[in-house]
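Visitor: Quick one: the structure is below, questions incoming.
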Protein chains: 2
Amino acid sequence: MSTAPAFKRLPRAVREQQMLDAAVKVFSRRGFHAASMDEIAEDAGISKPMVYAYLGTKEELFVACLHREGTRMMEAIAGAAAPDLPADERLWRGLKAFFGFVGAYRDGWAVLYRQARGEQPFAGELASMRARLVEVVAGMLDHALRAEGREIAAIDLEVVAYALVGATESLADWLADHPDADPEKTATRMMNVAWLGAAQLLHGVTWRPPAD
Amino acid sequence: MSTAPAFKRLPRAVREQQMLDAAVKVFSRRGFHAASMDEIAEDAGISKPMVYAYLGTKEELFVACLHREGTRMMEAIAGAAAPDLPADERLWRGLKAFFGFVGAYRDGWAVLYRQARGEQPFAGELASMRARLVEVVAGMLDHALRAEGREIAAIDLEVVAYALVGATESLADWLADHPDADPEKTATRMMNVAWLGAAQLLHGVTWRPPAD
DNA sequence: GCGTAACCCTACGCACGAGTAGGTATGCTC
DNA sequence: GAGCATACCTACTCGTGCGTAGGGTTACGC
């Protein structure tokens, strides 16, 4: 028996990527719990025991997805925003890279943003990645502030950075739901909200609550 | 046999609220799939069949949670932001009400924001609530713009509103994770980011990408 | 050409959790 | 105080899906 091998034998590295592709796709559509290992295996064109042999349990598989997509994202951003540029230029390049990533890997983004948040075992993993982002943004703001001879409390800085990151994620979400939208245009829109507001703060303009 | 009834018989309306409280709590901690009806029932101090008798299946129960918390939130916001006030005043009151809600019902917020998003059967429900919020914010911006004799494309308006809503949600998330933080102070911080940026836009100041 | 390791499968065990069957007790009405 | 609805329970069934046992086959080194 041998005429047609039906399906090819492939080296481990290739199969692992196929499995991760399938896993990201299924997790993004169904969520962690509702996704079944059978469906992932089928989508990868392989049988279930292979998935267990290569990537381990369901949790480990999900973590592997998180790592791959997270690393992709972080590298895209870090590679774009050289630390010696002026703040607005850095922000602009970072945003372009970020929205570029989301546009290119919508499923990956969905896993990171929509799925990993709610599920306890992974929320921490995700939060720490997010925290790194917030820190970068806060550092950027702080740097720009000091260059102007100003300073604000660390907690205010953190909260502002948090808001900016949140706004950006929200637009990424919008982008993921509008497949025809242009990532770069979205980045421009984000700059319009973020930078204009941030620039005001940098120049010492603040809003104060009314007296009543 | 009757000396001690051990646990009281309570009218349906009361038990339903206890069940919803328990459900919101458990769903917020575990997520929809990982939450078990047994745990919810136990937390509500009642047996499982009662939950089925009053609130129906697990999905129906989750929807009931979504509705209660969503209504609470929307009413808090709508009640605060009277439509005849100036834009910044409306925004400020709306934000105060919103962060007040999040501070008071952290679990409810977690269900709405972190859990309902990823799970397909409910994502639509949630998205429509969010869309209403975005519409309100966009309407506010548009109103303020027209008062200044300006106008921008509807899509730009929507995207800016989206970003503002996202930033606000992100801060709400931050608030939910910092139990000692003051909701009103958080609202002030949000105003500082949102309003200063938005005000710039309203006055026609925009940011343009560099030429390269 | 022969061992051995890598690749791949079909078919199951088993636990967990949604939903229910069938029954008991308490209070309310007349 | 008989009847009836409402509140409440213990103890099940049964599907679904994770993870694995126990194999088979192709390639590659020597």
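Ligands are numbered from 1 in the order shown, chains are lettered A, B, ... in the order of the structure tokens, and residues start at 1 in each chain.
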Identify all chain A residues at most 9 Å from chain C by counting only C-alpha atoms (C1' of nucleotides); ligands do not count. Present them as a list in words.

Guide: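 Result: Arg9, Leu10, Pro11, Arg12, Ile46, Ser47, Pro49 and Met50 of chain A.
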
Visitor: Could the residues in this selection be written to a file with C-alpha atoms, as a compact mmCIF listing (two decimals), in the first residue's frame?

Guide:
# COMPACT_ATOMS: atom_id res chain seq x y z
CA ARG A 9 4.99 14.47 6.30
CA LEU A 10 6.39 17.79 7.31
CA PRO A 11 9.17 18.83 9.67
CA ARG A 12 8.22 19.82 13.16
CA ILE A 46 -3.48 17.25 11.50
CA SER A 47 -4.73 14.92 14.21
CA PRO A 49 -2.33 13.83 19.38
CA MET A 50 0.15 15.70 17.20

Visitor: May I have the residues within 12 Å of Lys185 in chain B as a PyMOL selection string, using only C-alpha atoms (C1' of nucleotides) and disregarding those fewer than 6 positions away in the same chain?

Guide: (chain A and resi 155-156+159+208-209) or (chain B and resi 92+95-96+99-100+103+171-172+175+191-192)

Visitor: Save the residues we just selected, N, CA and C atoms, as a PDB file, in the first residue's frame?

Guide:
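Here's the written file selection-v2.pdb:
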ATOM      1  N   ILE A 155       2.036  59.335  39.134  1.00  0.00           N
ATOM      2  CA  ILE A 155       0.741  58.672  38.975  1.00  0.00           C
ATOM      3  C   ILE A 155      -0.083  59.323  37.878  1.00  0.00           C
ATOM      4  N   ASP A 156      -0.006  60.661  37.762  1.00  0.00           N
ATOM      5  CA  ASP A 156      -0.719  61.331  36.687  1.00  0.00           C
ATOM      6  C   ASP A 156      -0.179  60.883  35.343  1.00  0.00           C
ATOM      7  N   VAL A 159      -1.480  57.452  34.511  1.00  0.00           N
ATOM      8  CA  VAL A 159      -2.888  57.425  34.131  1.00  0.00           C
ATOM      9  C   VAL A 159      -3.084  57.981  32.721  1.00  0.00           C
ATOM     10  N   ARG A 208      -9.667  72.061  34.801  1.00  0.00           N
ATOM     11  CA  ARG A 208     -10.030  71.937  36.223  1.00  0.00           C
ATOM     12  C   ARG A 208     -11.533  71.800  36.357  1.00  0.00           C
ATOM     13  N   PRO A 209     -11.945  70.970  37.316  1.00  0.00           N
ATOM     14  CA  PRO A 209     -13.393  70.795  37.499  1.00  0.00           C
ATOM     15  C   PRO A 209     -14.051  72.085  37.963  1.00  0.00           C
TER      16      PRO A 209
ATOM     17  N   TRP B  92     -18.032  66.264  31.321  1.00  0.00           N
ATOM     18  CA  TRP B  92     -17.558  66.151  32.702  1.00  0.00           C
ATOM     19  C   TRP B  92     -18.561  65.395  33.569  1.00  0.00           C
ATOM     20  N   LEU B  95     -18.717  61.713  32.550  1.00  0.00           N
ATOM     21  CA  LEU B  95     -17.558  60.962  33.037  1.00  0.00           C
ATOM     22  C   LEU B  95     -17.655  60.686  34.527  1.00  0.00           C
ATOM     23  N   LYS B  96     -18.059  61.703  35.279  1.00  0.00           N
ATOM     24  CA  LYS B  96     -18.206  61.503  36.718  1.00  0.00           C
ATOM     25  C   LYS B  96     -19.181  60.366  37.003  1.00  0.00           C
ATOM     26  N   PHE B  99     -17.596  56.879  35.925  1.00  0.00           N
ATOM     27  CA  PHE B  99     -16.591  56.354  36.849  1.00  0.00           C
ATOM     28  C   PHE B  99     -17.218  56.048  38.209  1.00  0.00           C
ATOM     29  N   GLY B 100     -18.238  56.792  38.558  1.00  0.00           N
ATOM     30  CA  GLY B 100     -18.973  56.472  39.775  1.00  0.00           C
ATOM     31  C   GLY B 100     -19.580  55.084  39.699  1.00  0.00           C
ATOM     32  N   GLY B 103     -16.821  52.479  39.961  1.00  0.00           N
ATOM     33  CA  GLY B 103     -16.344  52.360  41.331  1.00  0.00           C
ATOM     34  C   GLY B 103     -17.321  51.589  42.208  1.00  0.00           C
ATOM     35  N   LEU B 171      -9.340  53.628  31.411  1.00  0.00           N
ATOM     36  CA  LEU B 171      -9.186  54.187  32.753  1.00  0.00           C
ATOM     37  C   LEU B 171     -10.122  53.500  33.735  1.00  0.00           C
ATOM     38  N   ALA B 172     -11.298  53.124  33.263  1.00  0.00           N
ATOM     39  CA  ALA B 172     -12.229  52.393  34.122  1.00  0.00           C
ATOM     40  C   ALA B 172     -11.586  51.085  34.566  1.00  0.00           C
ATOM     41  N   LEU B 175      -9.163  51.838  37.147  1.00  0.00           N
ATOM     42  CA  LEU B 175      -9.888  52.116  38.390  1.00  0.00           C
ATOM     43  C   LEU B 175     -10.323  50.812  39.068  1.00  0.00           C
ATOM     44  N   MET B 191     -10.738  63.933  31.790  1.00  0.00           N
ATOM     45  CA  MET B 191     -11.050  65.212  31.159  1.00  0.00           C
ATOM     46  C   MET B 191      -9.787  65.873  30.631  1.00  0.00           C
ATOM     47  N   ASN B 192      -8.729  65.749  31.386  1.00  0.00           N
ATOM     48  CA  ASN B 192      -7.484  66.389  30.984  1.00  0.00           C
ATOM     49  C   ASN B 192      -6.962  65.828  29.675  1.00  0.00           C
TER      50      ASN B 192
END

Visitor: Please determine the contact residues of chain D with respect to chain B at a cut-off of 8 Å, counting only C-alpha atoms (C1' of nucleotides), and supply them as a ChimeraX atom specification.

Guide: /D:7-9

Visitor: May I have all residues of range 8-196 of chain A that DSSP, computed from the backbone, assigns to helix (DSSP H, G or I), given as number ranges by chain?

Guide: A: 12-30, 37-44, 48-55, 58-80, 87-104, 106-115, 120-147, 154-177, 183-196

Visitor: Pick out the chain A residues within 9 Å of chain B. Count only C-alpha atoms. Give them as a ChimeraX atom specification.

Guide: /A:28-34,89,92,110-111,113-120,156,159-160,162-171,174,186,188-201,205-210

Visitor: With C-alpha atoms retained, write the just-selected residues as a PDB file, in the first residue's frame.

Guide:
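Saved result, out-v8.pdb, follows:
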ATOM      1  CA  SER A  28      -9.989  34.371  18.173  1.00  0.00           C
ATOM      2  CA  ARG A  29     -13.359  33.249  16.857  1.00  0.00           C
ATOM      3  CA  ARG A  30     -14.578  31.087  19.711  1.00  0.00           C
ATOM      4  CA  GLY A  31     -12.708  32.205  22.789  1.00  0.00           C
ATOM      5  CA  PHE A  32     -10.479  30.029  24.918  1.00  0.00           C
ATOM      6  CA  HIS A  33     -13.059  27.755  26.514  1.00  0.00           C
ATOM      7  CA  ALA A  34     -15.399  27.377  23.570  1.00  0.00           C
ATOM      8  CA  GLU A  89       7.932  61.443  15.746  1.00  0.00           C
ATOM      9  CA  TRP A  92       3.792  58.554  15.209  1.00  0.00           C
ATOM     10  CA  ALA A 110      -8.328  39.506  18.713  1.00  0.00           C
ATOM     11  CA  VAL A 111      -6.724  36.778  20.798  1.00  0.00           C
ATOM     12  CA  TYR A 113      -7.141  41.902  23.179  1.00  0.00           C
ATOM     13  CA  ARG A 114     -10.505  40.239  23.377  1.00  0.00           C
ATOM     14  CA  GLN A 115      -9.801  36.751  24.657  1.00  0.00           C
ATOM     15  CA  ALA A 116      -6.823  36.802  26.967  1.00  0.00           C
ATOM     16  CA  ARG A 117      -8.242  39.574  29.122  1.00  0.00           C
ATOM     17  CA  GLY A 118     -11.129  37.765  30.680  1.00  0.00           C
ATOM     18  CA  GLU A 119      -9.532  34.396  31.327  1.00  0.00           C
ATOM     19  CA  GLN A 120      -7.778  34.309  34.625  1.00  0.00           C
ATOM     20  CA  ASP A 156      -0.719  61.331  36.687  1.00  0.00           C
ATOM     21  CA  VAL A 159      -2.888  57.425  34.131  1.00  0.00           C
ATOM     22  CA  VAL A 160      -2.477  59.598  31.070  1.00  0.00           C
ATOM     23  CA  TYR A 162      -3.031  54.385  30.365  1.00  0.00           C
ATOM     24  CA  ALA A 163      -5.690  56.462  28.672  1.00  0.00           C
ATOM     25  CA  LEU A 164      -3.613  56.834  25.524  1.00  0.00           C
ATOM     26  CA  VAL A 165      -2.957  53.116  25.334  1.00  0.00           C
ATOM     27  CA  GLY A 166      -6.648  52.448  25.866  1.00  0.00           C
ATOM     28  CA  ALA A 167      -7.664  54.838  23.118  1.00  0.00           C
ATOM     29  CA  THR A 168      -5.201  53.180  20.788  1.00  0.00           C
ATOM     30  CA  GLU A 169      -6.481  49.701  21.596  1.00  0.00           C
ATOM     31  CA  SER A 170      -9.994  50.876  21.017  1.00  0.00           C
ATOM     32  CA  LEU A 171      -9.113  52.150  17.577  1.00  0.00           C
ATOM     33  CA  TRP A 174     -12.373  49.429  15.311  1.00  0.00           C
ATOM     34  CA  THR A 186      -6.152  55.187  11.533  1.00  0.00           C
ATOM     35  CA  THR A 188      -3.146  59.576  11.790  1.00  0.00           C
ATOM     36  CA  ARG A 189      -6.519  59.871  13.447  1.00  0.00           C
ATOM     37  CA  MET A 190      -5.070  58.530  16.650  1.00  0.00           C
ATOM     38  CA  MET A 191      -2.305  61.105  16.533  1.00  0.00           C
ATOM     39  CA  ASN A 192      -4.904  63.805  16.197  1.00  0.00           C
ATOM     40  CA  VAL A 193      -6.572  62.792  19.419  1.00  0.00           C
ATOM     41  CA  ALA A 194      -3.550  61.732  21.400  1.00  0.00           C
ATOM     42  CA  TRP A 195      -0.887  64.150  20.464  1.00  0.00           C
ATOM     43  CA  LEU A 196      -2.959  67.295  20.491  1.00  0.00           C
ATOM     44  CA  GLY A 197      -4.227  66.460  23.949  1.00  0.00           C
ATOM     45  CA  ALA A 198      -0.850  65.368  25.203  1.00  0.00           C
ATOM     46  CA  ALA A 199       0.865  68.401  23.721  1.00  0.00           C
ATOM     47  CA  GLN A 200      -1.465  70.654  25.678  1.00  0.00           C
ATOM     48  CA  LEU A 201      -0.589  68.838  28.858  1.00  0.00           C
ATOM     49  CA  VAL A 205      -2.474  73.592  30.066  1.00  0.00           C
ATOM     50  CA  THR A 206      -4.830  71.660  32.310  1.00  0.00           C
ATOM     51  CA  TRP A 207      -8.522  71.380  32.814  1.00  0.00           C
ATOM     52  CA  ARG A 208     -10.030  71.937  36.223  1.00  0.00           C
ATOM     53  CA  PRO A 209     -13.393  70.795  37.499  1.00  0.00           C
ATOM     54  CA  PRO A 210     -16.040  73.495  37.981  1.00  0.00           C
TER      55      PRO A 210
END

Visitor: To one decimal in Å, tell me the separation between CA of Ala81 in chain B and CA of Asp142 in chain B.

Guide: 16.0 Å
